[in-house]
Amino acid sequence: MNIICTHNLTKTYSHKDGTIDAIKDITLDVEKGCFVTITGPSGSGKTTLLLTLAGLIRPTSGSFSFLEQDLTKVHDSELAKFRRRNVGFIMQSFALIPYLTCIQNVMLPLALIKTSNQKQIEEAKSVLETVGLGKRLNHLPRELSAGQQQRVAIARAMVNSPSIIFADEPTGNLDPLLSVEILDFLKEINQKNNITVIMVTHSPVAADYGTVKIHLDNGEIKSIN
Ligand SMILES: Nc1ncnc2c1ncn2[C@@H]1O[C@H](COP(=O)(O)OP(=O)(O)OP(=O)(O)O)[C@@H](O)[C@H]1O
Ligand SMILES: [Mg+2]
């Protein structure tokens, strides 16, 4: 079963100095449960593709669907609902809220789907235990190492039980040892929880984790292996 299908997906940014075709005619089927890695030179459209598939930016033309629902034409509120219910997102810079503790950071996505406070605490605790941070619930992000902070970000991306996790260079700020730890962890949740993972990376080691490897160049798919 395909979780995501795109057809001629195109995003053109308008800028006062002209327009930029960030992604061009991307046609792609992603099977549920895959671990997809996306590589390509800087500026080749990787982040744009990821943000479009995650419903965070709108394509200029073409279409994409999630579990056979065409998300190109839905209203913003419907798109937001899709993100809250189905999507986890991990960024290179972790993007944790600095003045909230670990558990409060992880509770955020649940607050958005109006889960009761008690349930938010239980679920957040449980995923933080899964990522090995059960003893750090009340620590602030700055009181953790980089690898631990990225694990909090993963816990936050997992807490709404998403069917798909998008990660934009999740190991870009980590040393090689911590990178492998985070990548192994992503692979584990991909396999154990059957969460589809789509990960952008510059690192050949990280790209090798892909069961499907996409290479972008100049906004176009150059190869899929
Ligand atoms: N908001 C924007 N407005 C105008 N142009 C943009 C915008 N965002 C990205 N671009 C342009 O679109 C192209 C693709 O950018 P994108 O960020 O998707 O590349 P990338 O492959 O993720 O690069 P990197 O590896 O450096 O992160 C680039 O030429 C970039 O300058
Ligand atoms: Mg990028």
# chains A, B, ... in the order shown; residues from 1 in each chain; ligands from 1
call {"tool": "residues_around", "arguments": {"residues": "region 125-139 of chain A", "least_positions_apart": "5", "cutoff": "10 Å", "atoms": "only C-alpha atoms", "output": "NGL selection string"}}
result
:A and (99-107 or 119-120 or 144 or 148-161 or 182 or 185 or 189)
call {"tool": "write_last_selection", "arguments": {"atoms": "N, CA, C and O atoms", "output": "compact mmCIF listing (two decimals), in the first residue's frame"}}
result
# COMPACT_ATOMS: atom_id res chain seq x y z
N TYR A 99 12.62 27.09 27.02
CA TYR A 99 12.17 27.32 28.40
C TYR A 99 11.16 26.28 28.87
O TYR A 99 10.61 26.38 29.95
N LEU A 100 10.91 25.26 28.04
CA LEU A 100 10.05 24.16 28.48
C LEU A 100 10.92 22.94 28.79
O LEU A 100 11.93 22.71 28.13
N THR A 101 10.50 22.16 29.78
CA THR A 101 11.25 20.95 30.12
C THR A 101 11.03 19.90 29.02
O THR A 101 10.17 20.06 28.15
N CYS A 102 11.80 18.81 29.12
CA CYS A 102 11.67 17.71 28.15
C CYS A 102 10.22 17.28 28.03
O CYS A 102 9.66 17.21 26.94
N ILE A 103 9.62 16.98 29.17
CA ILE A 103 8.26 16.41 29.11
C ILE A 103 7.29 17.45 28.55
O ILE A 103 6.41 17.11 27.75
N GLN A 104 7.49 18.72 28.88
CA GLN A 104 6.58 19.75 28.34
C GLN A 104 6.74 19.89 26.83
O GLN A 104 5.77 20.07 26.11
N ASN A 105 8.00 19.79 26.35
CA ASN A 105 8.23 19.83 24.90
C ASN A 105 7.50 18.68 24.20
O ASN A 105 6.89 18.87 23.15
N VAL A 106 7.57 17.51 24.81
CA VAL A 106 6.98 16.33 24.17
C VAL A 106 5.45 16.35 24.26
O VAL A 106 4.76 15.81 23.40
N MET A 107 4.93 17.03 25.28
CA MET A 107 3.47 17.11 25.43
C MET A 107 2.81 18.02 24.39
O MET A 107 1.61 17.89 24.12
N LYS A 119 -3.44 12.47 30.24
CA LYS A 119 -3.03 11.59 29.15
C LYS A 119 -1.76 12.14 28.48
O LYS A 119 -0.86 11.38 28.11
N GLN A 120 -1.69 13.48 28.36
CA GLN A 120 -0.49 14.10 27.78
C GLN A 120 0.74 13.70 28.58
O GLN A 120 1.77 13.34 28.02
N LEU A 144 20.86 19.12 28.58
CA LEU A 144 21.08 17.82 27.94
C LEU A 144 22.15 17.93 26.87
O LEU A 144 22.40 19.00 26.32
N GLN A 148 21.03 13.75 23.27
CA GLN A 148 19.83 13.63 24.11
C GLN A 148 18.75 14.60 23.64
O GLN A 148 17.57 14.26 23.60
N GLN A 149 19.18 15.82 23.26
CA GLN A 149 18.20 16.79 22.76
C GLN A 149 17.52 16.27 21.49
O GLN A 149 16.32 16.41 21.30
N GLN A 150 18.32 15.63 20.62
CA GLN A 150 17.72 15.11 19.40
C GLN A 150 16.76 13.97 19.73
O GLN A 150 15.74 13.81 19.07
N ARG A 151 17.06 13.22 20.79
CA ARG A 151 16.13 12.14 21.18
C ARG A 151 14.83 12.72 21.74
O ARG A 151 13.76 12.14 21.54
N VAL A 152 14.92 13.87 22.42
CA VAL A 152 13.68 14.53 22.86
C VAL A 152 12.87 14.95 21.63
O VAL A 152 11.65 14.78 21.58
N ALA A 153 13.58 15.46 20.61
CA ALA A 153 12.89 15.88 19.39
C ALA A 153 12.22 14.68 18.70
O ALA A 153 11.12 14.78 18.17
N ILE A 154 12.90 13.53 18.75
CA ILE A 154 12.30 12.32 18.17
C ILE A 154 11.07 11.91 19.00
O ILE A 154 10.02 11.56 18.44
N ALA A 155 11.20 11.98 20.32
CA ALA A 155 10.06 11.64 21.18
C ALA A 155 8.88 12.56 20.85
O ALA A 155 7.74 12.10 20.75
N ARG A 156 9.17 13.84 20.64
CA ARG A 156 8.09 14.77 20.31
C ARG A 156 7.46 14.42 18.96
O ARG A 156 6.25 14.54 18.78
N ALA A 157 8.30 13.97 18.02
CA ALA A 157 7.77 13.62 16.70
C ALA A 157 6.96 12.32 16.75
O ALA A 157 6.13 12.07 15.88
N MET A 158 7.20 11.49 17.77
CA MET A 158 6.53 10.17 17.84
C MET A 158 5.26 10.19 18.68
O MET A 158 4.46 9.26 18.61
N VAL A 159 5.10 11.23 19.50
CA VAL A 159 4.13 11.13 20.60
C VAL A 159 2.68 11.07 20.12
O VAL A 159 1.82 10.51 20.79
N ASN A 160 2.42 11.63 18.94
CA ASN A 160 1.04 11.56 18.43
C ASN A 160 0.83 10.28 17.60
O ASN A 160 -0.11 10.22 16.81
N SER A 161 1.70 9.28 17.78
CA SER A 161 1.65 8.03 17.00
C SER A 161 1.46 8.31 15.52
O SER A 161 0.47 7.88 14.92
N ILE A 182 21.29 7.85 16.74
CA ILE A 182 20.00 8.42 16.32
C ILE A 182 19.45 7.67 15.09
O ILE A 182 18.26 7.36 15.01
N PHE A 185 18.10 4.41 16.03
CA PHE A 185 16.84 4.61 16.71
C PHE A 185 15.70 4.85 15.71
O PHE A 185 14.61 4.28 15.83
N ILE A 189 12.29 2.51 15.20
CA ILE A 189 10.87 2.90 15.22
C ILE A 189 10.22 2.66 13.86
O ILE A 189 9.05 2.36 13.77
call {"tool": "closest_atom_pairs", "arguments": {"of": "chain A", "to": "ligand 1", "cutoff": "12 Å", "atoms": "only C-alpha atoms and all ligand atoms", "output": "JSON lines"}}
result
{"residue": "A:Thr10", "atom": "CA", "partner": "ligand 1", "partner_atom_place_in_ligand_line": "12 (O)", "distance": 11.3}
{"residue": "A:Lys11", "atom": "CA", "partner": "ligand 1", "partner_atom_place_in_ligand_line": "12 (O)", "distance": 8.5}
{"residue": "A:Thr12", "atom": "CA", "partner": "ligand 1", "partner_atom_place_in_ligand_line": "12 (O)", "distance": 7.8}
{"residue": "A:Tyr13", "atom": "CA", "partner": "ligand 1", "partner_atom_place_in_ligand_line": "4 (C)", "distance": 4.8}
{"residue": "A:Ser14", "atom": "CA", "partner": "ligand 1", "partner_atom_place_in_ligand_line": "4 (C)", "distance": 6.2}
{"residue": "A:His15", "atom": "CA", "partner": "ligand 1", "partner_atom_place_in_ligand_line": "4 (C)", "distance": 5.8}
{"residue": "A:Lys16", "atom": "CA", "partner": "ligand 1", "partner_atom_place_in_ligand_line": "4 (C)", "distance": 9.3}
{"residue": "A:Asp17", "atom": "CA", "partner": "ligand 1", "partner_atom_place_in_ligand_line": "4 (C)", "distance": 9.6}
{"residue": "A:Gly18", "atom": "CA", "partner": "ligand 1", "partner_atom_place_in_ligand_line": "4 (C)", "distance": 9.2}
{"residue": "A:Thr19", "atom": "CA", "partner": "ligand 1", "partner_atom_place_in_ligand_line": "4 (C)", "distance": 7.7}
{"residue": "A:Ile20", "atom": "CA", "partner": "ligand 1", "partner_atom_place_in_ligand_line": "12 (O)", "distance": 6.0}
{"residue": "A:Asp21", "atom": "CA", "partner": "ligand 1", "partner_atom_place_in_ligand_line": "12 (O)", "distance": 6.7}
{"residue": "A:Ala22", "atom": "CA", "partner": "ligand 1", "partner_atom_place_in_ligand_line": "12 (O)", "distance": 4.2}
{"residue": "A:Ile23", "atom": "CA", "partner": "ligand 1", "partner_atom_place_in_ligand_line": "14 (C)", "distance": 7.1}
{"residue": "A:Lys24", "atom": "CA", "partner": "ligand 1", "partner_atom_place_in_ligand_line": "14 (C)", "distance": 10.5}
{"residue": "A:Ile38", "atom": "CA", "partner": "ligand 1", "partner_atom_place_in_ligand_line": "21 (O)", "distance": 9.1}
{"residue": "A:Thr39", "atom": "CA", "partner": "ligand 1", "partner_atom_place_in_ligand_line": "21 (O)", "distance": 7.9}
{"residue": "A:Gly40", "atom": "CA", "partner": "ligand 1", "partner_atom_place_in_ligand_line": "21 (O)", "distance": 6.3}
{"residue": "A:Pro41", "atom": "CA", "partner": "ligand 1", "partner_atom_place_in_ligand_line": "25 (O)", "distance": 5.8}
{"residue": "A:Ser42", "atom": "CA", "partner": "ligand 1", "partner_atom_place_in_ligand_line": "25 (O)", "distance": 3.4}
{"residue": "A:Gly43", "atom": "CA", "partner": "ligand 1", "partner_atom_place_in_ligand_line": "19 (O)", "distance": 3.5}
{"residue": "A:Ser44", "atom": "CA", "partner": "ligand 1", "partner_atom_place_in_ligand_line": "21 (O)", "distance": 3.9}
{"residue": "A:Gly45", "atom": "CA", "partner": "ligand 1", "partner_atom_place_in_ligand_line": "18 (O)", "distance": 3.2}
{"residue": "A:Lys46", "atom": "CA", "partner": "ligand 1", "partner_atom_place_in_ligand_line": "21 (O)", "distance": 3.8}
{"residue": "A:Thr47", "atom": "CA", "partner": "ligand 1", "partner_atom_place_in_ligand_line": "22 (O)", "distance": 3.7}
{"residue": "A:Thr48", "atom": "CA", "partner": "ligand 1", "partner_atom_place_in_ligand_line": "18 (O)", "distance": 3.7}
{"residue": "A:Leu49", "atom": "CA", "partner": "ligand 1", "partner_atom_place_in_ligand_line": "18 (O)", "distance": 6.5}
{"residue": "A:Leu50", "atom": "CA", "partner": "ligand 1", "partner_atom_place_in_ligand_line": "18 (O)", "distance": 8.1}
{"residue": "A:Leu51", "atom": "CA", "partner": "ligand 1", "partner_atom_place_in_ligand_line": "18 (O)", "distance": 8.5}
{"residue": "A:Thr52", "atom": "CA", "partner": "ligand 1", "partner_atom_place_in_ligand_line": "18 (O)", "distance": 9.8}
{"residue": "A:Leu56", "atom": "CA", "partner": "ligand 1", "partner_atom_place_in_ligand_line": "1 (N)", "distance": 12.0}
{"residue": "A:Ile57", "atom": "CA", "partner": "ligand 1", "partner_atom_place_in_ligand_line": "1 (N)", "distance": 9.7}
{"residue": "A:Arg58", "atom": "CA", "partner": "ligand 1", "partner_atom_place_in_ligand_line": "1 (N)", "distance": 11.6}
{"residue": "A:Met91", "atom": "CA", "partner": "ligand 1", "partner_atom_place_in_ligand_line": "27 (O)", "distance": 11.1}
{"residue": "A:Gln92", "atom": "CA", "partner": "ligand 1", "partner_atom_place_in_ligand_line": "27 (O)", "distance": 9.9}
{"residue": "A:Ala167", "atom": "CA", "partner": "ligand 1", "partner_atom_place_in_ligand_line": "22 (O)", "distance": 11.5}
{"residue": "A:Asp168", "atom": "CA", "partner": "ligand 1", "partner_atom_place_in_ligand_line": "22 (O)", "distance": 8.2}
{"residue": "A:Glu169", "atom": "CA", "partner": "ligand 1", "partner_atom_place_in_ligand_line": "27 (O)", "distance": 8.3}
{"residue": "A:Pro170", "atom": "CA", "partner": "ligand 1", "partner_atom_place_in_ligand_line": "27 (O)", "distance": 11.8}
{"residue": "A:Gly172", "atom": "CA", "partner": "ligand 1", "partner_atom_place_in_ligand_line": "27 (O)", "distance": 10.4}
{"residue": "A:Met199", "atom": "CA", "partner": "ligand 1", "partner_atom_place_in_ligand_line": "22 (O)", "distance": 11.3}
{"residue": "A:Val200", "atom": "CA", "partner": "ligand 1", "partner_atom_place_in_ligand_line": "22 (O)", "distance": 8.0}
{"residue": "A:Thr201", "atom": "CA", "partner": "ligand 1", "partner_atom_place_in_ligand_line": "25 (O)", "distance": 8.0}
{"residue": "A:His202", "atom": "CA", "partner": "ligand 1", "partner_atom_place_in_ligand_line": "25 (O)", "distance": 7.1}
{"residue": "A:Ser203", "atom": "CA", "partner": "ligand 1", "partner_atom_place_in_ligand_line": "25 (O)", "distance": 10.9}
{"residue": "A:His215", "atom": "CA", "partner": "ligand 1", "partner_atom_place_in_ligand_line": "21 (O)", "distance": 10.3}
{"residue": "A:Leu216", "atom": "CA", "partner": "ligand 1", "partner_atom_place_in_ligand_line": "21 (O)", "distance": 7.8}
{"residue": "A:Asp217", "atom": "CA", "partner": "ligand 1", "partner_atom_place_in_ligand_line": "21 (O)", "distance": 8.3}
{"residue": "A:Asn218", "atom": "CA", "partner": "ligand 1", "partner_atom_place_in_ligand_line": "14 (C)", "distance": 7.9}
{"residue": "A:Gly219", "atom": "CA", "partner": "ligand 1", "partner_atom_place_in_ligand_line": "14 (C)", "distance": 7.0}
{"residue": "A:Glu220", "atom": "CA", "partner": "ligand 1", "partner_atom_place_in_ligand_line": "21 (O)", "distance": 10.6}
{"residue": "A:Ile221", "atom": "CA", "partner": "ligand 1", "partner_atom_place_in_ligand_line": "21 (O)", "distance": 11.7}
call {"tool": "residues_around", "arguments": {"residues": "Lys81 (chain A)", "least_positions_apart": "6", "cutoff": "12 Å", "atoms": "only C-alpha atoms", "output": "VMD selection string"}}
result
chain A and resid 54 to 56 71 74 to 75 87 109 112 to 114
call {"tool": "atom_distance", "arguments": {"atom1": "CA of Glu181 (chain A)", "atom2": "CA of Gly147 (chain A)"}}
result
8.2 Å
call {"tool": "closest_residue", "arguments": {"among": "A:Asp175, A:Leu110, A:Glu122, A:Asn117", "to": "Gly88 (chain A)", "atoms": "only C-alpha atoms"}}
result
A:Leu110
call {"tool": "closest_residue", "arguments": {"among": "A:Ala146, A:Ser93, A:Ile224, A:Asp29", "to": "ligand 2", "atoms": "only C-alpha atoms and all ligand atoms"}}
result
A:Ser93
call {"tool": "select_by_dssp", "arguments": {"residues": "region 86-172 of chain A", "states": "strand (DSSP E)", "output": "JSON, numbers by chain"}}
result
{"A": [87, 88, 89, 90, 91, 164, 165, 166, 167, 168]}
call {"tool": "residues_around", "arguments": {"residues": "region 4-9 of chain A", "least_positions_apart": "3", "cutoff": "7 Å", "atoms": "only C-alpha atoms", "output": "MDAnalysis selection string"}}
result
chainID A and resid 24:30 59 61:67
call {"tool": "decode", "arguments": {"residues": "region 38-53 of chain A", "atoms": "all heavy atoms", "output": "compact mmCIF listing (two decimals), in the first residue's frame"}}
result
# COMPACT_ATOMS: atom_id res chain seq x y z
N ILE A 38 16.67 10.94 1.19
CA ILE A 38 16.77 11.88 0.08
C ILE A 38 18.11 12.60 0.17
O ILE A 38 18.42 13.21 1.20
CB ILE A 38 15.64 12.93 0.13
CG1 ILE A 38 14.26 12.24 0.11
CG2 ILE A 38 15.75 13.92 -1.04
CD1 ILE A 38 13.08 13.19 0.28
N THR A 39 18.90 12.48 -0.87
CA THR A 39 20.19 13.17 -0.92
C THR A 39 20.19 14.11 -2.13
O THR A 39 19.29 14.05 -2.97
CB THR A 39 21.36 12.18 -1.07
OG1 THR A 39 21.10 11.34 -2.20
CG2 THR A 39 21.53 11.31 0.15
N GLY A 40 21.23 14.92 -2.21
CA GLY A 40 21.36 15.84 -3.34
C GLY A 40 22.13 17.06 -2.92
O GLY A 40 22.23 17.35 -1.72
N PRO A 41 22.69 17.79 -3.88
CA PRO A 41 23.49 18.96 -3.55
C PRO A 41 22.68 20.03 -2.82
O PRO A 41 21.45 20.00 -2.86
CB PRO A 41 23.94 19.50 -4.91
CG PRO A 41 23.60 18.47 -5.91
CD PRO A 41 22.59 17.56 -5.31
N SER A 42 23.37 20.94 -2.16
CA SER A 42 22.72 22.06 -1.50
C SER A 42 21.90 22.84 -2.54
O SER A 42 22.39 23.12 -3.63
CB SER A 42 23.79 22.94 -0.87
OG SER A 42 23.18 24.04 -0.25
N GLY A 43 20.66 23.14 -2.20
CA GLY A 43 19.80 23.89 -3.11
C GLY A 43 19.07 23.03 -4.12
O GLY A 43 18.38 23.54 -5.00
N SER A 44 19.19 21.69 -3.99
CA SER A 44 18.56 20.81 -4.98
C SER A 44 17.07 20.57 -4.71
O SER A 44 16.41 19.88 -5.48
CB SER A 44 19.30 19.47 -5.06
OG SER A 44 19.32 18.83 -3.80
N GLY A 45 16.56 21.12 -3.59
CA GLY A 45 15.12 21.03 -3.36
C GLY A 45 14.69 20.01 -2.31
O GLY A 45 13.50 19.74 -2.14
N LYS A 46 15.64 19.47 -1.55
CA LYS A 46 15.33 18.42 -0.57
C LYS A 46 14.36 18.91 0.51
O LYS A 46 13.34 18.27 0.79
CB LYS A 46 16.62 17.91 0.09
CG LYS A 46 17.66 17.41 -0.90
CD LYS A 46 18.93 16.93 -0.21
CE LYS A 46 19.70 17.98 0.56
NZ LYS A 46 20.26 19.08 -0.26
N THR A 47 14.70 20.05 1.11
CA THR A 47 13.85 20.57 2.18
C THR A 47 12.48 20.96 1.62
O THR A 47 11.45 20.70 2.24
CB THR A 47 14.53 21.77 2.87
OG1 THR A 47 15.73 21.31 3.49
CG2 THR A 47 13.66 22.40 3.93
N THR A 48 12.49 21.56 0.45
CA THR A 48 11.22 21.96 -0.17
C THR A 48 10.32 20.74 -0.39
O THR A 48 9.13 20.77 -0.09
CB THR A 48 11.49 22.67 -1.52
OG1 THR A 48 12.32 23.80 -1.27
CG2 THR A 48 10.21 23.11 -2.19
N LEU A 49 10.91 19.66 -0.88
CA LEU A 49 10.13 18.44 -1.11
C LEU A 49 9.57 17.91 0.22
O LEU A 49 8.38 17.57 0.32
CB LEU A 49 11.00 17.37 -1.79
CG LEU A 49 10.33 16.02 -2.06
CD1 LEU A 49 9.10 16.18 -2.96
CD2 LEU A 49 11.31 15.04 -2.72
N LEU A 50 10.41 17.89 1.25
CA LEU A 50 9.99 17.38 2.55
C LEU A 50 8.85 18.23 3.14
O LEU A 50 7.85 17.69 3.62
CB LEU A 50 11.20 17.41 3.50
CG LEU A 50 11.25 16.37 4.59
CD1 LEU A 50 11.32 14.97 3.99
CD2 LEU A 50 12.45 16.60 5.49
N LEU A 51 9.02 19.55 3.07
CA LEU A 51 8.00 20.45 3.64
C LEU A 51 6.69 20.33 2.88
O LEU A 51 5.61 20.42 3.47
CB LEU A 51 8.49 21.91 3.60
CG LEU A 51 9.68 22.25 4.50
CD1 LEU A 51 10.12 23.69 4.26
CD2 LEU A 51 9.32 22.07 5.97
N THR A 52 6.78 20.10 1.56
CA THR A 52 5.57 19.96 0.76
C THR A 52 4.84 18.67 1.14
O THR A 52 3.63 18.67 1.37
CB THR A 52 5.90 19.96 -0.74
OG1 THR A 52 6.74 21.08 -1.02
CG2 THR A 52 4.64 20.06 -1.60
N LEU A 53 5.61 17.57 1.23
CA LEU A 53 4.99 16.28 1.56
C LEU A 53 4.40 16.28 2.97
O LEU A 53 3.42 15.59 3.24
CB LEU A 53 6.02 15.14 1.43
CG LEU A 53 6.57 14.90 0.02
CD1 LEU A 53 7.57 13.74 0.04
CD2 LEU A 53 5.44 14.61 -0.97
